[in-house]
Every structure is written in structure tokens, then in C-alpha cells.
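File shown: start-v3.txt (compact mmCIF, C-alpha atoms).
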```
# COMPACT_ATOMS: atom_id res chain seq x y z
CA MET A 2 -42.69 -36.58 8.94
CA ALA A 3 -43.24 -37.44 5.30
CA LEU A 4 -46.71 -35.90 5.55
CA VAL A 5 -45.20 -32.63 6.86
CA ARG A 6 -42.69 -32.53 3.98
CA ASN A 7 -45.46 -33.13 1.45
CA ARG A 8 -47.51 -30.30 2.95
CA ARG A 9 -44.50 -27.97 2.74
CA ARG A 10 -44.01 -28.87 -0.93
CA GLU A 11 -47.71 -28.25 -1.58
CA ARG A 12 -47.52 -24.79 0.00
CA GLY A 13 -44.43 -23.96 -2.09
CA VAL A 14 -42.61 -22.24 0.83
CA ASP A 15 -38.87 -21.84 0.31
CA TYR A 16 -37.00 -20.17 3.14
CA TRP A 17 -33.55 -20.35 1.55
CA PRO A 18 -33.69 -17.01 -0.47
CA GLY A 19 -34.71 -15.10 2.64
CA PHE A 20 -31.86 -16.68 4.59
CA VAL A 21 -29.34 -15.79 1.80
CA ASP A 22 -30.66 -12.19 1.70
CA ALA A 23 -30.18 -11.89 5.46
CA LEU A 24 -26.58 -13.13 5.22
CA SER A 25 -25.85 -10.74 2.30
CA THR A 26 -27.24 -7.78 4.24
CA LEU A 27 -25.10 -8.76 7.26
CA LEU A 28 -21.90 -8.92 5.11
CA LEU A 29 -22.62 -5.52 3.50
CA ALA A 30 -23.15 -3.92 6.93
CA ILE A 31 -19.88 -5.38 8.27
CA MET A 32 -17.94 -4.19 5.17
CA PHE A 33 -19.42 -0.68 5.52
CA LEU A 34 -18.43 -0.47 9.22
CA LEU A 35 -14.90 -1.73 8.47
CA THR A 36 -14.54 0.85 5.64
CA VAL A 37 -15.60 3.70 7.95
CA PHE A 38 -13.22 2.53 10.68
CA VAL A 39 -10.22 2.20 8.26
CA LEU A 40 -10.94 5.65 6.76
CA ALA A 41 -11.08 7.24 10.23
CA GLN A 42 -7.78 5.61 11.23
CA TYR A 43 -6.17 6.78 7.94
CA LEU A 44 -7.27 10.42 8.45
CA LEU A 45 -6.08 10.44 12.08
CA SER A 46 -2.71 8.92 11.12
CA ARG A 47 -2.23 11.56 8.36
CA GLU A 48 -2.94 14.40 10.77
CA ILE A 49 -0.54 13.01 13.39
CA THR A 50 2.18 12.36 10.76
CA GLY A 51 1.92 15.98 9.50
CA ARG A 52 2.31 17.29 13.01
CA ASP A 53 5.36 15.10 13.59
CA GLU A 54 7.01 16.56 10.46
CA VAL A 55 6.33 20.14 11.68
CA LEU A 56 7.77 19.29 15.10
CA ASN A 57 10.90 17.81 13.50
CA ARG A 58 11.46 20.94 11.38
CA LEU A 59 10.96 23.20 14.40
CA ASN A 60 13.38 21.14 16.49
CA SER A 61 15.97 21.34 13.69
CA GLN A 62 15.63 25.14 13.48
CA ILE A 63 15.99 25.45 17.26
CA ALA A 64 19.18 23.35 17.16
CA GLU A 65 20.68 25.51 14.39
CA LEU A 66 19.76 28.77 16.16
CA THR A 67 21.13 27.46 19.46
CA GLU A 68 24.45 26.57 17.80
CA LEU A 69 24.66 30.02 16.16
CA LEU A 70 23.88 31.70 19.48
CA ALA A 71 26.65 29.73 21.20
CA LEU A 72 29.12 30.80 18.46
CA GLU A 73 28.12 34.46 18.80
CA LYS A 74 28.43 34.25 22.57
CA GLY A 75 31.97 32.89 22.12
CA ASN A 76 32.90 35.79 19.82
CA ALA A 77 31.42 38.28 22.27
CA GLN A 78 33.45 36.75 25.08
CA ASP A 79 36.66 37.08 23.03
CA LEU A 80 35.94 40.75 22.38
CA GLU A 81 35.19 41.33 26.04
CA ASP A 82 38.53 39.71 26.97
CA THR A 83 40.34 41.94 24.44
CA LEU A 84 38.61 45.02 25.81
CA ALA A 85 39.60 44.04 29.34
CA ASN A 86 43.25 43.68 28.26
CA LEU A 87 43.16 47.06 26.53
CA GLN A 88 41.62 48.71 29.57
CA SER A 89 44.33 47.13 31.75
CA SER A 90 47.06 48.46 29.43
CA LEU A 91 45.38 51.86 29.44
CA ALA A 92 45.41 51.91 33.21
CA VAL A 93 49.13 51.01 33.25
CA SER A 94 49.88 53.77 30.73
CA GLU A 95 47.94 56.34 32.73
CA ASN A 96 49.87 55.35 35.87
CA GLU A 97 53.19 55.70 34.02
CA ARG A 98 52.14 59.07 32.66
CA SER A 99 51.16 60.27 36.12
CA ARG A 100 54.50 59.12 37.53
CA LEU A 101 56.48 60.92 34.83
CA GLN A 102 54.40 64.04 35.19
CA ALA A 103 55.12 63.98 38.90
CA LEU A 104 58.87 63.70 38.24
CA LEU A 105 58.64 66.60 35.78
CA ASP A 106 56.86 68.75 38.29
CA GLN A 107 59.54 68.03 40.88
CA GLY A 108 62.21 69.08 38.40
CA ALA A 109 63.97 65.73 38.61
CA GLY A 110 65.45 64.13 35.48
CA SER A 111 65.55 65.36 31.92
CA SER A 112 62.61 67.56 30.96
CA ASP A 113 62.88 66.86 27.25
CA ALA A 114 63.06 63.08 27.71
CA ALA A 115 60.10 63.19 30.03
CA ASN A 116 58.09 65.25 27.57
CA SER A 117 59.01 62.87 24.75
CA ARG A 118 58.02 59.87 26.82
CA ILE A 119 54.77 61.57 27.78
CA GLY A 120 54.01 62.26 24.09
CA GLN A 121 54.63 58.62 23.18
CA LEU A 122 52.42 57.42 25.97
CA THR A 123 49.71 59.89 24.95
CA GLU A 124 49.74 58.62 21.35
CA GLN A 125 49.66 55.08 22.57
CA LEU A 126 46.79 55.93 24.87
CA ASN A 127 44.85 57.51 22.00
CA GLU A 128 45.35 54.42 19.84
CA GLU A 129 44.22 52.15 22.65
CA GLN A 130 41.16 54.35 23.21
CA GLN A 131 40.29 54.08 19.50
CA VAL A 132 40.69 50.30 19.63
CA SER A 133 38.54 50.20 22.76
CA ALA A 134 35.85 52.28 21.04
CA ARG A 135 35.83 49.90 18.05
CA ALA A 136 35.62 46.94 20.41
CA MET A 137 32.70 48.52 22.24
CA SER A 138 30.97 49.11 18.89
CA GLN A 139 31.45 45.46 17.92
CA ILE A 140 30.18 44.31 21.31
CA GLU A 141 27.09 46.47 20.90
CA LEU A 142 26.47 44.97 17.44
CA LEU A 143 26.90 41.46 18.83
CA ASN A 144 24.48 42.23 21.65
CA GLN A 145 21.90 43.35 19.09
CA GLN A 146 22.43 40.18 17.06
CA ILE A 147 22.11 38.03 20.20
CA ALA A 148 18.88 39.82 21.11
CA ALA A 149 17.51 39.16 17.60
CA LEU A 150 18.50 35.47 17.85
CA ARG A 151 16.82 35.19 21.23
CA ALA A 152 13.65 36.71 19.78
CA GLN A 153 13.70 34.16 16.93
CA ILE A 154 14.25 31.29 19.36
CA ALA A 155 11.38 32.54 21.53
CA ALA A 156 9.09 32.68 18.48
CA VAL A 157 10.11 29.15 17.43
CA GLU A 158 9.57 27.86 20.98
CA GLN A 159 6.10 29.43 21.05
CA ALA A 160 5.25 27.79 17.72
CA LEU A 161 6.58 24.49 19.02
CA GLN A 162 4.57 24.76 22.22
CA ALA A 163 1.42 25.61 20.22
CA SER A 164 2.01 22.62 17.94
CA GLU A 165 2.64 20.32 20.93
CA ALA A 166 -0.49 21.61 22.63
CA LYS A 167 -2.53 20.97 19.47
CA ASP A 168 -1.04 17.51 19.14
CA GLN A 169 -1.75 16.79 22.80
CA ALA A 170 -5.34 17.94 22.32
CA SER A 171 -5.68 15.60 19.33
CA GLN A 172 -4.22 12.69 21.30
CA THR A 173 -6.57 13.47 24.17
CA GLN A 174 -9.51 13.57 21.79
CA ILE A 175 -8.52 10.24 20.23
CA ALA A 176 -8.10 8.68 23.67
CA ASP A 177 -11.48 10.06 24.75
CA LEU A 178 -13.16 8.66 21.64
CA GLY A 179 -11.57 5.28 22.27
CA ARG A 180 -12.65 5.36 25.92
CA ARG A 181 -16.22 6.28 25.01
CA LEU A 182 -16.31 3.57 22.35
CA ASN A 183 -15.08 0.99 24.88
CA VAL A 184 -17.66 2.15 27.41
CA ALA A 185 -20.43 1.92 24.81
CA LEU A 186 -19.32 -1.55 23.76
CA ALA A 187 -19.09 -2.66 27.36
CA GLN A 188 -22.60 -1.36 28.03
CA ARG A 189 -23.92 -3.19 24.98
CA VAL A 190 -22.24 -6.40 26.11
CA GLN A 191 -23.64 -6.00 29.62
CA GLU A 192 -27.13 -5.41 28.26
CA LEU A 193 -26.90 -8.45 26.00
CA ASN A 194 -25.56 -10.55 28.88
CA ARG A 195 -28.53 -9.49 30.99
CA TYR A 196 -31.00 -10.50 28.29
CA ARG A 197 -29.07 -13.74 27.74
CA SER A 198 -29.44 -14.52 31.45
CA ASP A 199 -33.17 -13.79 31.27
CA PHE A 200 -33.46 -15.98 28.19
CA PHE A 201 -31.65 -18.89 29.83
CA GLY A 202 -33.74 -18.48 32.96
CA ARG A 203 -36.93 -18.75 30.93
CA LEU A 204 -35.60 -21.78 29.09
CA ARG A 205 -34.90 -23.47 32.41
CA GLU A 206 -38.50 -22.85 33.44
CA ILE A 207 -40.23 -24.03 30.29
CA LEU A 208 -37.97 -26.87 29.10
CA SER A 209 -37.85 -30.27 30.68
CA ASP A 210 -35.47 -30.67 33.60
CA ARG A 211 -33.39 -33.38 31.97
CA GLU A 212 -29.70 -34.22 32.01
CA ASN A 213 -29.43 -33.98 28.24
CA ILE A 214 -30.60 -30.34 28.25
CA ARG A 215 -28.15 -28.08 30.11
CA ILE A 216 -26.27 -24.77 30.16
CA VAL A 217 -22.55 -24.78 29.34
CA GLY A 218 -20.94 -21.34 29.71
CA ASP A 219 -22.93 -18.86 27.61
CA ARG A 220 -24.70 -21.60 25.59
CA PHE A 221 -27.85 -23.70 26.01
CA VAL A 222 -27.06 -27.27 24.97
CA PHE A 223 -29.47 -29.94 23.68
CA GLN A 224 -28.22 -33.45 23.16
CA SER A 225 -29.07 -34.55 19.62
CA GLU A 226 -31.16 -37.49 20.86
CA VAL A 227 -33.62 -34.99 22.39
CA LEU A 228 -34.36 -33.45 18.98
CA PHE A 229 -33.44 -35.87 16.18
CA PRO A 230 -33.62 -39.57 15.39
CA VAL A 231 -30.30 -41.38 15.15
CA GLY A 232 -28.45 -40.28 11.99
CA GLY A 233 -31.31 -37.99 10.93
CA SER A 234 -31.59 -34.22 10.53
CA GLU A 235 -35.38 -33.74 10.71
CA LEU A 236 -36.83 -32.87 14.12
CA ASP A 237 -38.86 -35.67 15.60
CA GLU A 238 -42.09 -35.08 17.50
CA ALA A 239 -40.36 -34.55 20.86
CA GLY A 240 -37.81 -32.24 19.23
CA ARG A 241 -40.53 -30.11 17.62
CA ALA A 242 -42.25 -29.77 20.99
CA GLU A 243 -39.03 -28.56 22.63
CA MET A 244 -38.36 -26.10 19.79
CA ASP A 245 -41.92 -24.75 20.06
CA LYS A 246 -41.18 -23.85 23.68
CA LEU A 247 -37.92 -22.25 22.59
CA ALA A 248 -39.67 -20.19 19.91
CA ALA A 249 -42.24 -18.91 22.40
CA ALA A 250 -39.55 -17.84 24.87
CA LEU A 251 -37.56 -16.18 22.10
CA LEU A 252 -40.54 -14.20 20.82
CA ASP A 253 -41.33 -12.96 24.32
CA LEU A 254 -37.72 -11.89 24.84
CA ALA A 255 -37.59 -10.11 21.45
CA LYS A 256 -40.28 -7.71 22.68
CA GLU A 257 -38.04 -6.60 25.57
CA ILE A 258 -34.65 -6.24 23.83
CA PRO A 259 -34.09 -2.62 22.67
CA SER A 260 -34.08 -2.12 18.91
CA GLU A 261 -30.54 -0.73 18.93
CA ILE A 262 -29.15 -4.11 20.08
CA ASN A 263 -28.67 -6.13 16.88
CA TRP A 264 -29.02 -9.59 18.44
CA VAL A 265 -29.18 -13.02 16.85
CA LEU A 266 -29.71 -16.55 18.13
CA ARG A 267 -26.92 -18.73 16.79
CA VAL A 268 -27.76 -22.42 16.34
CA ASP A 269 -24.63 -24.60 16.19
CA GLY A 270 -24.77 -28.23 15.11
CA HIS A 271 -22.15 -30.72 16.41
CA THR A 272 -21.62 -34.44 15.88
CA ASP A 273 -19.42 -37.10 17.44
CA ASN A 274 -16.23 -38.36 15.79
CA ALA A 275 -17.74 -41.52 14.38
CA PRO A 276 -17.39 -41.25 10.57
CA LEU A 277 -20.41 -41.72 8.34
CA SER A 278 -20.47 -44.45 5.75
CA GLY A 279 -20.84 -41.96 2.92
CA THR A 280 -23.57 -44.01 1.25
CA GLY A 281 -26.47 -42.37 3.04
CA ARG A 282 -28.08 -38.96 2.67
CA TYR A 283 -25.06 -37.16 4.13
CA ARG A 284 -21.49 -37.77 3.03
CA ASP A 285 -19.83 -36.67 6.28
CA ASN A 286 -20.40 -35.12 9.71
CA TRP A 287 -20.05 -31.60 8.29
CA GLU A 288 -23.19 -32.04 6.24
CA LEU A 289 -25.06 -33.75 9.07
CA SER A 290 -24.26 -31.04 11.64
CA SER A 291 -25.15 -28.25 9.19
CA ALA A 292 -28.42 -29.94 8.23
CA ARG A 293 -29.46 -30.32 11.88
CA ALA A 294 -28.71 -26.66 12.67
CA THR A 295 -30.64 -25.58 9.56
CA SER A 296 -33.58 -27.81 10.51
CA VAL A 297 -33.82 -26.08 13.93
CA VAL A 298 -33.62 -22.61 12.34
CA LYS A 299 -36.34 -23.39 9.79
CA HIS A 300 -38.63 -24.73 12.50
CA LEU A 301 -38.17 -21.56 14.58
CA ILE A 302 -38.90 -19.42 11.51
CA GLY A 303 -42.04 -21.44 10.97
CA ARG A 304 -43.08 -20.55 14.53
CA GLY A 305 -42.75 -16.81 13.89
CA VAL A 306 -39.14 -16.05 14.87
CA PRO A 307 -37.74 -13.48 12.35
CA ALA A 308 -35.25 -15.07 9.95
CA ASN A 309 -32.83 -12.15 10.36
CA ARG A 310 -32.48 -13.04 14.05
CA LEU A 311 -31.30 -16.60 13.40
CA VAL A 312 -27.97 -18.08 12.29
CA ALA A 313 -27.26 -21.74 11.52
CA ALA A 314 -23.73 -23.19 11.63
CA GLY A 315 -22.31 -26.70 11.37
CA PHE A 316 -19.08 -27.74 13.10
CA GLY A 317 -19.00 -31.47 12.43
CA GLU A 318 -16.96 -33.38 14.99
CA PHE A 319 -14.25 -30.72 15.30
CA GLN A 320 -15.48 -28.85 18.41
CA PRO A 321 -15.91 -31.61 21.02
CA ILE A 322 -16.71 -30.89 24.65
CA ALA A 323 -15.64 -34.37 25.77
CA GLU A 324 -12.45 -36.08 24.59
CA GLY A 325 -12.17 -39.73 23.67
CA ASP A 326 -14.12 -42.39 21.82
CA ALA A 327 -16.11 -43.74 24.74
CA PRO A 328 -19.90 -43.89 24.26
CA GLU A 329 -20.41 -41.32 27.04
CA ALA A 330 -18.03 -38.83 25.34
CA ARG A 331 -19.62 -39.30 21.94
CA ASN A 332 -23.07 -38.88 23.43
CA GLN A 333 -22.08 -35.50 24.91
CA ASN A 334 -20.50 -34.31 21.64
CA ARG A 335 -23.67 -35.00 19.59
CA ARG A 336 -25.49 -31.79 20.40
CA ILE A 337 -27.22 -28.58 19.30
CA GLU A 338 -25.96 -25.40 21.00
CA LEU A 339 -27.94 -22.13 21.23
CA LYS A 340 -26.13 -18.86 21.84
CA LEU A 341 -27.75 -15.42 22.13
CA THR A 342 -25.18 -13.00 20.74
CA GLU A 343 -24.77 -9.77 18.78
CA ARG A 344 -24.13 -9.49 15.06
```

Structure rendered as C-alpha cells:
Amino acid sequence: MALVRNRRRERGVDYWPGFVDALSTLLLAIMFLLTVFVLAQYLLSREITGRDEVLNRLNSQIAELTELLALEKGNAQDLEDTLANLQSSLAVSENERSRLQALLDQGAGSSDAANSRIGQLTEQLNEEQQVSARAMSQIELLNQQIAALRAQIAAVEQALQASEAKDQASQTQIADLGRRLNVALAQRVQELNRYRSDFFGRLREILSDRENIRIVGDRFVFQSEVLFPVGGSELDEAGRAEMDKLAAALLDLAKEIPSEINWVLRVDGHTDNAPLSGTGRYRDNWELSSARATSVVKHLIGRGVPANRLVAAGFGEFQPIAEGDAPEARNQNRRIELKLTER
């Protein structure tokens, strides 16, 4: 192992800048996508808010016009009632006049009194006819005003319906965009799951069939003892052999995954809960787990796996898969996990 490190120093190869560049590019891409998404949401919310304000104004105008129409209908009803009363009085007067005229024709009663009474009734009848004519004129004017109000209400209702239809179309478009986005994401996830299954299947075939190399959920798990010496972070000879097989399988799979799927292999380092002394190379389990994950990533890069397809992460002892302090539990928690995922 010392010989390998000396050779690396002699070649002057430093993978850290490339790894930092890859992480910086990833962060810039994520920030750009978040900015586009927030801007789209802002524009859609502004358009919907403007339509809500128009709908509120239209509803307010309809309420005012409806109240005015009800008031005018009440006035028209009062005039119609007055006209009906006048017409009833006119009918009574005409009946009285006819009766008196009949008495006059028969020669019964006083002729002068009858003529006087007939004159009074005639004047009264003329006045009532004039009042009736004025009432009819007012009713006609009210009918015209009601017709104009109805036309305004119809125009407002048409504008409201057009606005609601436009708003409904926008909501439908937004829902359709969301549905298509969900479908696209689901398809991407399904495709990645299929390639993950293929990848795990190949790993089963090429790696040793041992209890300390297994699949847990969507991760391929190596016990630390398979790859590293106790307390160390440099791959031992057996660990390098296993990682060479992994690199070969990963390179074969990379040829099959479509370019539009932005996949990465995440390498997670985990330790048990036994604290380090702090006097050695690593102060705590955080540093040890991170160093082991980085050691695996650098080895895979050295075997030709692109650096932008690899991620190293250290979790220390804080993500155990077995609880307790028993040797068996600690042995399971000391591990390297591989997960094929999307950036």
C-alpha cells in the first residue's frame, strides 16, 4: 500500500479539483432549475390573481345591477297597481254615468240635477283618463329602463362567462402540465429502477456470494471488513479486487443508460458506534466514514469510471441498520453502501 501511495505521488495525480468542479457544476444546475420553477410559479400565480380580481369586480357589478333591477321592478309594480285602481274607478264612473243617462232618457227625476251629475262625472272621468295616460307613459319608460338593465346584465354575464372559461382553460393547462411532468418523472424513475435492477443483477453474478456482501432495499451493501483493514480507510488487496469488478460492471452499464438520464453512483460510508480514540489519523467516525467512501470513489475513477458519475458521502455511526452495541450489530453497521440514483 505504501508503494502504491508513493507511485501516486510520483505521478502527481490529484483528483480533488475535478471532484470539486463536478460538485460546483451540480449545484449551479440545481439552482438554475429551482430559479426556472419559482419564476414559472410566480407568473402563473400573477395571471390567476389578476383573473380573480376581474371576477370579483364583475360579480360586484352584477350584484349592484340586480339590486337596481329589483327596485325598478318594485316601482313598476306600484304604478301598475295605481293604474289598476284608476281603471276600476273609471269603470265605476262609467257605470254610474250609464245609469243616470238611462234615468234621464226615461224622464224620471230631475233633468238638471242629472245633467249636472253627468258633467261632474265626465270631468272626473277625463282627469282619471289623463292620470291613466301619465301612468302608462311612466310604465313604458320603466319598461325601457328594465330592458336596458337586462341588456347590461346580459353583457356582464357574457364577460363573466368568458373570463371563467379562460380561467378554466388556464387551470386545465396547468393541471395538464403537472400531469405530464409527473408522468415524465415517473417514467424516468421507472427507467432508472430498471437499470438499477440490471446493475444489481450483474453485481450478484460477478461478486463473491458471501454473507457480508448483500442487497438491502435499493442499495448494494459491503461490510467494511471486505474492503478495508480494521480502522483503516485505504482499500486492501481483496477490497481493490472487489472494486475492480464493480468498476467493470458500472462501465458496461453506462453504455446502456440513455444520455438524458443524469445518473450517479452514490458511495455512502458508515461506521459502528464505537468512538475513536482521537489520537490516530482520524478524530472521529465522521472522518473515517468519509475517508472510506472517498477511497472507493477514487479507486473507481482510477479504473475509468467518470468522476461526474460518482458521489462520496460519510454518515459516521448515525445511520445504523442494526440497533445495539452487540458485536453482531456493530459488524453490520460498519459498511459501504452503493446506490444508483439520479442527480

| request: One decimal, Å: what's the distance from CA of Val157 in chain A over to CA of Gln139 in chain A, could you say? | output: 26.9 Å

| Residue contacts of Ser164 in chain A (12 Å, all atoms listed in the file) excluding same-chain residues fewer than 6 positions away, as a count of residues only | 16

| message | As an exercise, work out the distance from CA of Trp17 in chain A to CA of Thr342 in chain A in Å and give it to one decimal place. | response |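 The value is 22.2 Å.
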
| request: Between A:Arg310, A:Arg98, A:Arg282, A:Lys74, single out the one closest to Glu343 in chain A, counting all atoms listed in the file. | output: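 Residue with the minimum atom-to-atom distance to Glu343 in chain A: A:Arg310.
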
| message | Would you pick out the contacts of range 293-305 of chain A at 6 Å or less, using only C-alpha atoms, so that residues sharing its chain but fewer than 2 positions from it are not included, and give the list as a list in words? | response | Ser234, Ala248, Val268, Asp269, Gly270, Ser290, Ser291, Ala308 and Ala313 of chain A

| query | Which of these, A:Val231, A:Leu311, A:Ala330, A:Ala323, has the shortest distance to Gly19 in chain A once you count all atoms listed in the file? | reply | A:Leu311

| note | Computed gap from CA of Val222 in chain A to CA of Glu338 in chain A is 4.5 Å

| said: Given only C-alpha atoms as the basis, pick out the residue of A:Ser94, A:Asn334, A:Ser61, A:Ser25 nearest to Asn309 in chain A. | reply: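 Among the listed residues, A:Ser25 lies closest to Asn309 in chain A.
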